[in-house]
Amino acid sequence: MKIIKPNIIFGNSNLFFFNSLLNIFNIKKNFLKIEKFKDGEFKIKLLKNFSEKTIFILQSLCDPIHENIIELLLIIDALKRNFIKNIYLIIPYFCYSRQDKLFLNNTSISIKVITNLIDMCKIKKIITIDSHSKNFECLFSSPIKILKSTSLIVNDIIKNNILAEIIISPDIGGIERAKNLANYLNLELVIIDKRRPIVNNIKIYCIIGNVINKNCLIIDDIIDTSNSLIELVNFLFFHKIKKVKAYITHPVFSNNSYLKINNSKIDELIIMDTISLKKKISKIRIITTKYIFIEEIKKTIINYAL
């Protein structure tokens with residue numbers, strides 16, 4: 001069966017990743033012009049007629065979060081006015097996913113506001129990877145596919161001969177993700193009971209499992225200020241581990257996270273390219289998610305080409 005080249009356009013959120021993905025399909029140009037007025041308003045213009053076509057939009061909802069959200073909504077509106085047949089959203093990193101419930105009275109369920117905005121656009125399907133919340137799918141009316149990074153991590157461990165004796169879930173919420181990897185590699189799972197008394201700060205209550213003199217792998221979805229990861233690393237060394245590395249899908253890296261990581265006891269931090277890395281640090285290595293998204297695009301093309 002002949003594979004049709006997909007129609008893909010992208011926003012400004014993660015240009016290196018988007019261009020790298022497009023190169024696989026031999027697509028040389030983004031048929032979208034994004035301009036900005038002096039007051040910060042966006043002006044979106046399509047440079048090609050996509051009428052009656054199926055199209056993929058690439059946009060990571062990372063910093064600057066609110067600019068990237070508005071940019072995405074305006075791109076969708078421009079396409080809708082071009083009478084697009086189907087719109088698929090590829091959103092490698094989805095902001096506000098940590099705010100999926102009422103943590104306190106008189107607060108908002110922030111992710112629900114964002115999902116409502118996207119649902120209003122009547123999207124054919126949303127594709128993302130490693131969502132933070134188990135409730136994420138339930139918050140959308142639009143169909144959504146949440147890809148998993150487990151195969152990428154396994155391949156990287158094998159390729160780089162990474163020695164790991166235990167897999168560590170940094171909190172109760174990450175047990176399923178860490179357990180899947182531990183089962184795949186036939187390794188022991190250790191769980192950390194960690195809670196957040198205030199935003200971006202943690203308190204570790206206990207460790208479930210034995211880490212003494214072990215090579216550890218921490219598995220998590222998001223790294224923000226790096227405070228949680230570094231505190232966990234220090235906690236593990238206090239419990240006499242041998243070495244520790246970590247795999248993180250979404251490198252938010254706010255404030256001076258890079259410097260903290262570089263000065264920490266962590267042996268290596270392996271991140272994915274769902275968010276553009278602004279600095280190169282010796283302890284940080286990147287693996288790409290583009291092939292997972294490419295496979296999903298190919299499956300979608302086959303389905304709508306039939």
# chains A, B, ... in the order shown; residues from 1 in each chain; ligands from 1

call {"tool": "residues_around", "arguments": {"residues": "Pro251 in chain A", "least_positions_apart": "5", "cutoff": "9 Å", "atoms": "only C-alpha atoms", "output": "list in words"}}
result
Asp221, Ile222, Ile223, Asp224, Ile271, Met272, Asp273, Thr274, Ile275, Ser276 and Leu277 of chain A

call {"tool": "write_last_selection", "arguments": {"atoms": "N, CA and C atoms", "output": "PDB file, in the first residue's frame"}}
result
ATOM      1  N   ASP A 221       7.733  11.335  35.108  1.00  0.00           N
ATOM      2  CA  ASP A 221       7.229  11.964  33.889  1.00  0.00           C
ATOM      3  C   ASP A 221       7.674  13.413  33.736  1.00  0.00           C
ATOM      4  N   ILE A 222       7.734  14.175  34.842  1.00  0.00           N
ATOM      5  CA  ILE A 222       8.016  15.616  34.759  1.00  0.00           C
ATOM      6  C   ILE A 222       9.119  15.997  35.739  1.00  0.00           C
ATOM      7  N   ILE A 223      10.047  16.821  35.272  1.00  0.00           N
ATOM      8  CA  ILE A 223      10.983  17.490  36.170  1.00  0.00           C
ATOM      9  C   ILE A 223      10.779  18.989  35.990  1.00  0.00           C
ATOM     10  N   ASP A 224      10.495  19.679  37.090  1.00  0.00           N
ATOM     11  CA  ASP A 224      10.188  21.114  37.036  1.00  0.00           C
ATOM     12  C   ASP A 224      11.349  21.911  37.632  1.00  0.00           C
ATOM     13  N   ILE A 271      16.731  12.689  29.614  1.00  0.00           N
ATOM     14  CA  ILE A 271      15.445  13.344  29.356  1.00  0.00           C
ATOM     15  C   ILE A 271      15.014  13.103  27.921  1.00  0.00           C
ATOM     16  N   MET A 272      13.763  13.466  27.632  1.00  0.00           N
ATOM     17  CA  MET A 272      13.235  13.331  26.275  1.00  0.00           C
ATOM     18  C   MET A 272      12.960  14.709  25.696  1.00  0.00           C
ATOM     19  N   ASP A 273      12.766  14.749  24.398  1.00  0.00           N
ATOM     20  CA  ASP A 273      12.719  16.033  23.682  1.00  0.00           C
ATOM     21  C   ASP A 273      11.310  16.586  23.484  1.00  0.00           C
ATOM     22  N   THR A 274      10.405  16.308  24.427  1.00  0.00           N
ATOM     23  CA  THR A 274       9.052  16.859  24.340  1.00  0.00           C
ATOM     24  C   THR A 274       9.046  18.366  24.581  1.00  0.00           C
ATOM     25  N   ILE A 275      10.103  18.839  25.269  1.00  0.00           N
ATOM     26  CA  ILE A 275      10.317  20.271  25.513  1.00  0.00           C
ATOM     27  C   ILE A 275      11.742  20.584  25.104  1.00  0.00           C
ATOM     28  N   SER A 276      11.929  21.711  24.451  1.00  0.00           N
ATOM     29  CA  SER A 276      13.258  22.090  23.973  1.00  0.00           C
ATOM     30  C   SER A 276      14.196  22.384  25.144  1.00  0.00           C
ATOM     31  N   LEU A 277      15.393  21.808  25.090  1.00  0.00           N
ATOM     32  CA  LEU A 277      16.399  22.042  26.127  1.00  0.00           C
ATOM     33  C   LEU A 277      17.150  23.335  25.815  1.00  0.00           C
TER      34      LEU A 277
END

call {"tool": "select_by_dssp", "arguments": {"residues": "range 139-292 of chain A", "states": "strand (DSSP E)", "output": "number ranges by chain"}}
result
A: 144-147, 166-169, 188-198, 201-208, 215-223, 243-251, 268-272, 284-287

call {"tool": "closest_atom_pairs", "arguments": {"of": "range 203-269 of chain A", "to": "range 284-295 of chain A", "cutoff": "12 Å", "atoms": "only C-alpha atoms", "output": "JSON lines"}}
result
{"residue": "A:Lys245", "atom": "CA", "partner": "A:Ile284", "partner_atom": "CA", "distance": 10.2}
{"residue": "A:Ala246", "atom": "CA", "partner": "A:Ile284", "partner_atom": "CA", "distance": 9.8}
{"residue": "A:Tyr247", "atom": "CA", "partner": "A:Arg285", "partner_atom": "CA", "distance": 9.6}
{"residue": "A:Ile248", "atom": "CA", "partner": "A:Ile286", "partner_atom": "CA", "distance": 9.7}
{"residue": "A:Thr249", "atom": "CA", "partner": "A:Thr289", "partner_atom": "CA", "distance": 9.0}
{"residue": "A:His250", "atom": "CA", "partner": "A:Thr289", "partner_atom": "CA", "distance": 10.7}
{"residue": "A:Pro251", "atom": "CA", "partner": "A:Ile286", "partner_atom": "CA", "distance": 9.9}
{"residue": "A:Phe253", "atom": "CA", "partner": "A:Ile284", "partner_atom": "CA", "distance": 11.7}
{"residue": "A:Ser257", "atom": "CA", "partner": "A:Ile284", "partner_atom": "CA", "distance": 11.3}
{"residue": "A:Tyr258", "atom": "CA", "partner": "A:Ile284", "partner_atom": "CA", "distance": 8.7}
{"residue": "A:Leu259", "atom": "CA", "partner": "A:Ile284", "partner_atom": "CA", "distance": 10.9}
{"residue": "A:Lys260", "atom": "CA", "partner": "A:Ile284", "partner_atom": "CA", "distance": 11.6}
{"residue": "A:Ile261", "atom": "CA", "partner": "A:Ile284", "partner_atom": "CA", "distance": 8.2}
{"residue": "A:Asn262", "atom": "CA", "partner": "A:Ile284", "partner_atom": "CA", "distance": 8.1}
{"residue": "A:Asn263", "atom": "CA", "partner": "A:Ile284", "partner_atom": "CA", "distance": 11.7}
{"residue": "A:Ser264", "atom": "CA", "partner": "A:Ile284", "partner_atom": "CA", "distance": 11.7}
{"residue": "A:Ile266", "atom": "CA", "partner": "A:Ile284", "partner_atom": "CA", "distance": 10.0}
{"residue": "A:Asp267", "atom": "CA", "partner": "A:Ile284", "partner_atom": "CA", "distance": 9.4}
{"residue": "A:Glu268", "atom": "CA", "partner": "A:Ile284", "partner_atom": "CA", "distance": 6.1}
{"residue": "A:Leu269", "atom": "CA", "partner": "A:Ile284", "partner_atom": "CA", "distance": 4.8}

call {"tool": "write_last_selection", "arguments": {"atoms": "C-alpha atoms", "output": "PDB file, in the first residue's frame"}}
result
ATOM      1  CA  LYS A 245      20.358   7.640  37.234  1.00  0.00           C
ATOM      2  CA  ALA A 246      16.959   8.990  36.223  1.00  0.00           C
ATOM      3  CA  TYR A 247      14.718   8.930  33.153  1.00  0.00           C
ATOM      4  CA  ILE A 248      12.331  11.883  32.808  1.00  0.00           C
ATOM      5  CA  THR A 249       9.943  12.405  29.890  1.00  0.00           C
ATOM      6  CA  HIS A 250       9.151  16.126  30.175  1.00  0.00           C
ATOM      7  CA  PRO A 251      12.070  18.460  31.071  1.00  0.00           C
ATOM      8  CA  PHE A 253      13.383  22.875  33.961  1.00  0.00           C
ATOM      9  CA  SER A 257      17.247  23.588  37.500  1.00  0.00           C
ATOM     10  CA  TYR A 258      20.182  22.952  35.164  1.00  0.00           C
ATOM     11  CA  LEU A 259      22.708  24.183  37.724  1.00  0.00           C
ATOM     12  CA  LYS A 260      21.078  22.153  40.502  1.00  0.00           C
ATOM     13  CA  ILE A 261      21.270  18.955  38.447  1.00  0.00           C
ATOM     14  CA  ASN A 262      24.883  19.560  37.504  1.00  0.00           C
ATOM     15  CA  ASN A 263      25.842  20.061  41.161  1.00  0.00           C
ATOM     16  CA  SER A 264      23.817  17.111  42.446  1.00  0.00           C
ATOM     17  CA  ILE A 266      22.954  12.104  40.358  1.00  0.00           C
ATOM     18  CA  ASP A 267      25.130  10.123  37.960  1.00  0.00           C
ATOM     19  CA  GLU A 268      23.113  10.928  34.829  1.00  0.00           C
ATOM     20  CA  LEU A 269      19.744  12.437  33.928  1.00  0.00           C
TER      21      LEU A 269
END

call {"tool": "closest_residue", "arguments": {"among": "A:Asn155, A:Ser131, A:Ser108, A:Ser169", "to": "Leu232 in chain A", "atoms": "only C-alpha atoms"}}
result
A:Ser169

call {"tool": "residues_around", "arguments": {"residues": "range 29-39 of chain A", "least_positions_apart": "4", "cutoff": "10 Å", "atoms": "only C-alpha atoms", "output": "list in words"}}
result
Asn7, Ile8, Ile9, Phe10, Gly11, Asn12, Phe18, Asn19, Leu22, Asn23, Lys43, Ile44, Lys45, Leu46, Leu47, Lys48, Asn49, Phe50, Glu71, Leu74, Ile75 and Ala78 of chain A

call {"tool": "atom_distance", "arguments": {"atom1": "CA of Ile168 in chain A", "atom2": "CA of Ser133 in chain A"}}
result
18.4 Å

call {"tool": "select_by_dssp", "arguments": {"residues": "range 7-194 of chain A", "states": "alpha helix (DSSP H)", "output": "JSON, numbers by chain"}}
result
{"A": [15, 16, 17, 18, 19, 20, 21, 22, 23, 24, 65, 66, 67, 68, 69, 70, 71, 72, 73, 74, 75, 76, 77, 78, 79, 80, 110, 111, 112, 113, 114, 115, 116, 117, 118, 119, 150, 151, 152, 153, 154, 155, 156, 157, 158, 159, 175, 176, 177, 178, 179, 180, 181, 182, 183, 184, 185]}

call {"tool": "write_last_selection", "arguments": {"atoms": "C-alpha atoms", "output": "JSON list (two decimals), in the first residue's frame"}}
result
[["chain", "number", "residue", "atom", "x", "y", "z"],
["A", 15, "LEU", "CA", 11.13, 24.00, 16.57],
["A", 16, "PHE", "CA", 14.16, 21.68, 16.57],
["A", 17, "PHE", "CA", 12.01, 18.66, 17.46],
["A", 18, "PHE", "CA", 9.30, 19.54, 14.93],
["A", 19, "ASN", "CA", 11.77, 20.09, 12.07],
["A", 20, "SER", "CA", 13.53, 16.85, 12.95],
["A", 21, "LEU", "CA", 10.23, 14.97, 12.78],
["A", 22, "LEU", "CA", 9.28, 16.57, 9.45],
["A", 23, "ASN", "CA", 12.64, 15.60, 7.94],
["A", 24, "ILE", "CA", 11.68, 11.93, 8.33],
["A", 65, "ILE", "CA", 2.64, 28.16, 28.26],
["A", 66, "HIS", "CA", -0.13, 30.67, 27.63],
["A", 67, "GLU", "CA", 1.38, 31.97, 24.39],
["A", 68, "ASN", "CA", 1.64, 28.41, 23.09],
["A", 69, "ILE", "CA", -1.97, 27.63, 24.07],
["A", 70, "ILE", "CA", -3.31, 30.73, 22.29],
["A", 71, "GLU", "CA", -1.08, 30.06, 19.29],
["A", 72, "LEU", "CA", -2.49, 26.53, 19.03],
["A", 73, "LEU", "CA", -6.11, 27.69, 19.29],
["A", 74, "LEU", "CA", -5.58, 30.32, 16.58],
["A", 75, "ILE", "CA", -3.92, 27.77, 14.28],
["A", 76, "ILE", "CA", -6.91, 25.45, 14.73],
["A", 77, "ASP", "CA", -9.30, 28.32, 13.97],
["A", 78, "ALA", "CA", -7.41, 29.21, 10.78],
["A", 79, "LEU", "CA", -7.64, 25.59, 9.64],
["A", 80, "LYS", "CA", -11.33, 25.33, 10.47],
["A", 110, "SER", "CA", -6.97, 24.06, 35.72],
["A", 111, "ILE", "CA", -6.48, 21.21, 33.25],
["A", 112, "LYS", "CA", -10.26, 20.98, 32.76],
["A", 113, "VAL", "CA", -10.32, 24.60, 31.56],
["A", 114, "ILE", "CA", -7.65, 23.79, 28.96],
["A", 115, "THR", "CA", -9.35, 20.57, 27.83],
["A", 116, "ASN", "CA", -12.66, 22.45, 27.46],
["A", 117, "LEU", "CA", -10.99, 24.98, 25.15],
["A", 118, "ILE", "CA", -9.59, 22.21, 22.94],
["A", 119, "ASP", "CA", -12.83, 20.20, 22.97],
["A", 150, "THR", "CA", 8.68, 2.60, 28.21],
["A", 151, "SER", "CA", 10.06, 1.14, 24.96],
["A", 152, "LEU", "CA", 12.36, 4.16, 24.51],
["A", 153, "ILE", "CA", 13.75, 3.71, 28.02],
["A", 154, "VAL", "CA", 14.27, -0.04, 27.57],
["A", 155, "ASN", "CA", 16.06, 0.49, 24.24],
["A", 156, "ASP", "CA", 18.28, 3.17, 25.77],
["A", 157, "ILE", "CA", 19.18, 0.96, 28.73],
["A", 158, "ILE", "CA", 20.17, -1.88, 26.39],
["A", 159, "LYS", "CA", 21.98, 0.35, 23.89],
["A", 175, "ILE", "CA", 3.89, 3.29, 40.61],
["A", 176, "GLU", "CA", 2.20, 2.04, 37.42],
["A", 177, "ARG", "CA", 4.82, 3.66, 35.14],
["A", 178, "ALA", "CA", 7.74, 2.32, 37.19],
["A", 179, "LYS", "CA", 6.13, -1.11, 37.64],
["A", 180, "ASN", "CA", 5.71, -1.55, 33.88],
["A", 181, "LEU", "CA", 9.42, -0.89, 33.35],
["A", 182, "ALA", "CA", 10.44, -3.08, 36.28],
["A", 183, "ASN", "CA", 8.34, -5.96, 34.93],
["A", 184, "TYR", "CA", 9.78, -5.54, 31.44],
["A", 185, "LEU", "CA", 13.36, -5.62, 32.74]]

call {"tool": "atom_distance", "arguments": {"atom1": "CA of Phe56 in chain A", "atom2": "CA of Ile126 in chain A"}}
result
9.7 Å

call {"tool": "residues_around", "arguments": {"residues": "range 82-91 of chain A", "least_positions_apart": "2", "cutoff": "7 Å", "atoms": "only C-alpha atoms", "output": "mmCIF file with C-alpha atoms, in the first residue's frame"}}
result
data_model
loop_
_atom_site.group_PDB
_atom_site.id
_atom_site.type_symbol
_atom_site.label_atom_id
_atom_site.label_comp_id
_atom_site.auth_asym_id
_atom_site.auth_seq_id
_atom_site.Cartn_x
_atom_site.Cartn_y
_atom_site.Cartn_z
ATOM 1 C CA PHE A 50 -5.639 22.475 2.982
ATOM 2 C CA SER A 51 -9.346 22.397 2.146
ATOM 3 C CA GLU A 52 -10.867 18.913 2.599
ATOM 4 C CA LYS A 53 -7.512 17.556 3.796
ATOM 5 C CA THR A 54 -6.516 15.723 6.965
ATOM 6 C CA ILE A 55 -3.852 17.666 8.839
ATOM 7 C CA PHE A 56 -1.591 17.237 11.853
ATOM 8 C CA ILE A 57 -0.689 20.165 14.120
ATOM 9 C CA LEU A 58 2.462 19.886 16.231
ATOM 10 C CA GLN A 59 2.570 22.046 19.352
ATOM 11 C CA SER A 60 4.091 21.432 22.768
ATOM 12 C CA LEU A 61 2.285 23.334 25.528
ATOM 13 C CA ALA A 78 -7.413 29.214 10.776
ATOM 14 C CA LEU A 79 -7.636 25.586 9.644
ATOM 15 C CA LYS A 80 -11.335 25.332 10.469
ATOM 16 C CA TYR A 93 4.027 18.025 26.510
ATOM 17 C CA PHE A 94 0.641 18.971 27.942
ATOM 18 C CA ILE A 123 -10.601 17.843 17.046
ATOM 19 C CA LYS A 124 -10.489 14.405 15.432
ATOM 20 C CA LYS A 125 -7.856 13.111 17.866
ATOM 21 C CA ILE A 126 -5.222 14.293 20.344
ATOM 22 C CA ILE A 127 -1.904 12.449 20.622
ATOM 23 C CA THR A 128 0.450 12.983 23.567
#

call {"tool": "atom_distance", "arguments": {"atom1": "CA of Phe42 in chain A", "atom2": "CA of Pro64 in chain A"}}
result
13.7 Å

call {"tool": "closest_residue", "arguments": {"among": "A:Pro170, A:Pro92, A:Pro6, A:Gly209", "to": "Asp130 in chain A", "atoms": "only C-alpha atoms"}}
result
A:Pro92

call {"tool": "decode", "arguments": {"residues": "range 163-206 of chain A", "atoms": "N, CA and C atoms", "output": "CSV table (one decimal), in the first residue's frame"}}
result
chain,number,residue,atom,x,y,z
A,163,LEU,N,23.7,-0.2,33.8
A,163,LEU,CA,23.5,-1.1,34.9
A,163,LEU,C,22.5,-0.7,35.9
A,164,ALA,N,21.4,-1.4,36.0
A,164,ALA,CA,20.3,-1.1,37.0
A,164,ALA,C,19.9,-2.4,37.7
A,165,GLU,N,19.8,-2.2,39.0
A,165,GLU,CA,19.4,-3.4,39.8
A,165,GLU,C,18.0,-3.2,40.4
A,166,ILE,N,17.5,-1.9,40.6
A,166,ILE,CA,16.2,-1.6,41.0
A,166,ILE,C,15.6,-0.4,40.3
A,167,ILE,N,14.3,-0.4,40.1
A,167,ILE,CA,13.6,0.7,39.5
A,167,ILE,C,12.8,1.4,40.6
A,168,ILE,N,12.9,2.7,40.7
A,168,ILE,CA,12.4,3.5,41.7
A,168,ILE,C,11.2,4.4,41.2
A,169,SER,N,10.1,4.2,41.9
A,169,SER,CA,8.9,5.1,41.6
A,169,SER,C,9.1,6.2,42.7
A,170,PRO,N,9.2,7.5,42.2
A,170,PRO,CA,9.5,8.6,43.2
A,170,PRO,C,8.3,9.0,44.0
A,171,ASP,N,7.1,8.4,43.7
A,171,ASP,CA,5.9,8.7,44.5
A,171,ASP,C,4.9,7.6,44.2
A,172,ILE,N,3.8,7.6,45.0
A,172,ILE,CA,2.7,6.6,44.8
A,172,ILE,C,2.1,6.7,43.5
A,173,GLY,N,1.9,8.0,43.0
A,173,GLY,CA,1.2,8.2,41.7
A,173,GLY,C,2.0,7.6,40.5
A,174,GLY,N,3.3,7.4,40.7
A,174,GLY,CA,4.1,6.9,39.5
A,174,GLY,C,4.4,5.4,39.6
A,175,ILE,N,3.7,4.7,40.4
A,175,ILE,CA,3.9,3.3,40.6
A,175,ILE,C,3.6,2.5,39.3
A,176,GLU,N,2.5,2.8,38.6
A,176,GLU,CA,2.2,2.0,37.4
A,176,GLU,C,3.3,2.2,36.4
A,177,ARG,N,3.8,3.4,36.1
A,177,ARG,CA,4.8,3.7,35.1
A,177,ARG,C,6.1,2.9,35.5
A,178,ALA,N,6.5,3.0,36.8
A,178,ALA,CA,7.7,2.3,37.2
A,178,ALA,C,7.6,0.8,37.2
A,179,LYS,N,6.4,0.3,37.6
A,179,LYS,CA,6.1,-1.1,37.6
A,179,LYS,C,6.2,-1.7,36.3
A,180,ASN,N,5.7,-1.0,35.3
A,180,ASN,CA,5.7,-1.6,33.9
A,180,ASN,C,7.2,-1.8,33.4
A,181,LEU,N,8.0,-0.8,33.7
A,181,LEU,CA,9.4,-0.9,33.3
A,181,LEU,C,10.1,-2.0,34.1
A,182,ALA,N,9.8,-2.1,35.4
A,182,ALA,CA,10.4,-3.1,36.3
A,182,ALA,C,10.1,-4.5,35.8
A,183,ASN,N,8.8,-4.7,35.4
A,183,ASN,CA,8.3,-6.0,34.9
A,183,ASN,C,9.0,-6.3,33.6
A,184,TYR,N,9.2,-5.3,32.8
A,184,TYR,CA,9.8,-5.5,31.4
A,184,TYR,C,11.2,-6.0,31.6
A,185,LEU,N,11.9,-5.3,32.5
A,185,LEU,CA,13.4,-5.6,32.7
A,185,LEU,C,13.6,-6.7,33.8
A,186,ASN,N,12.5,-7.2,34.4
A,186,ASN,CA,12.6,-8.2,35.4
A,186,ASN,C,13.5,-7.7,36.6
A,187,LEU,N,13.2,-6.5,37.0
A,187,LEU,CA,13.9,-5.9,38.1
A,187,LEU,C,13.0,-5.6,39.3
A,188,GLU,N,13.6,-5.4,40.5
A,188,GLU,CA,12.8,-5.1,41.7
A,188,GLU,C,12.3,-3.7,41.6
A,189,LEU,N,11.1,-3.5,42.2
A,189,LEU,CA,10.5,-2.1,42.2
A,189,LEU,C,10.6,-1.6,43.7
A,190,VAL,N,11.1,-0.4,43.8
A,190,VAL,CA,11.1,0.3,45.1
A,190,VAL,C,10.2,1.5,45.0
A,191,ILE,N,9.4,1.8,46.0
A,191,ILE,CA,8.5,2.9,46.0
A,191,ILE,C,8.8,3.9,47.1
A,192,ILE,N,8.8,5.2,46.8
A,192,ILE,CA,9.0,6.3,47.7
A,192,ILE,C,7.7,6.9,48.1
A,193,ASP,N,7.4,7.0,49.4
A,193,ASP,CA,6.2,7.7,49.9
A,193,ASP,C,6.6,9.2,50.0
A,194,LYS,N,6.2,9.9,49.0
A,194,LYS,CA,6.6,11.4,49.0
A,194,LYS,C,5.3,12.2,48.9
A,195,ARG,N,5.3,13.3,49.6
A,195,ARG,CA,4.1,14.2,49.5
A,195,ARG,C,4.6,15.7,49.4
A,196,ARG,N,3.6,16.5,49.0
A,196,ARG,CA,4.0,17.9,48.8
A,196,ARG,C,3.2,18.8,49.7
A,197,PRO,N,3.8,19.2,50.8
A,197,PRO,CA,3.1,20.2,51.8
A,197,PRO,C,2.8,21.5,51.1
A,198,ILE,N,3.7,22.0,50.2
A,198,ILE,CA,3.6,23.2,49.5
A,198,ILE,C,4.1,22.9,48.1
A,199,VAL,N,3.7,23.8,47.1
A,199,VAL,CA,4.1,23.6,45.7
A,199,VAL,C,5.6,23.7,45.6
A,200,ASN,N,6.1,22.7,44.7
A,200,ASN,CA,7.5,22.6,44.4
A,200,ASN,C,8.4,22.2,45.6
A,201,ASN,N,7.8,21.7,46.7
A,201,ASN,CA,8.6,21.2,47.8
A,201,ASN,C,8.0,19.9,48.2
A,202,ILE,N,8.8,19.0,48.7
A,202,ILE,CA,8.4,17.7,49.0
A,202,ILE,C,8.8,17.3,50.4
A,203,LYS,N,8.1,16.3,51.0
A,203,LYS,CA,8.5,15.7,52.2
A,203,LYS,C,8.5,14.2,52.0
A,204,ILE,N,9.6,13.5,52.2
A,204,ILE,CA,9.7,12.1,52.0
A,204,ILE,C,9.4,11.4,53.4
A,205,TYR,N,8.5,10.5,53.4
A,205,TYR,CA,8.1,9.8,54.6
A,205,TYR,C,8.8,8.5,54.8
A,206,CYS,N,8.8,7.7,53.8
A,206,CYS,CA,9.5,6.4,53.9
A,206,CYS,C,9.9,5.8,52.6
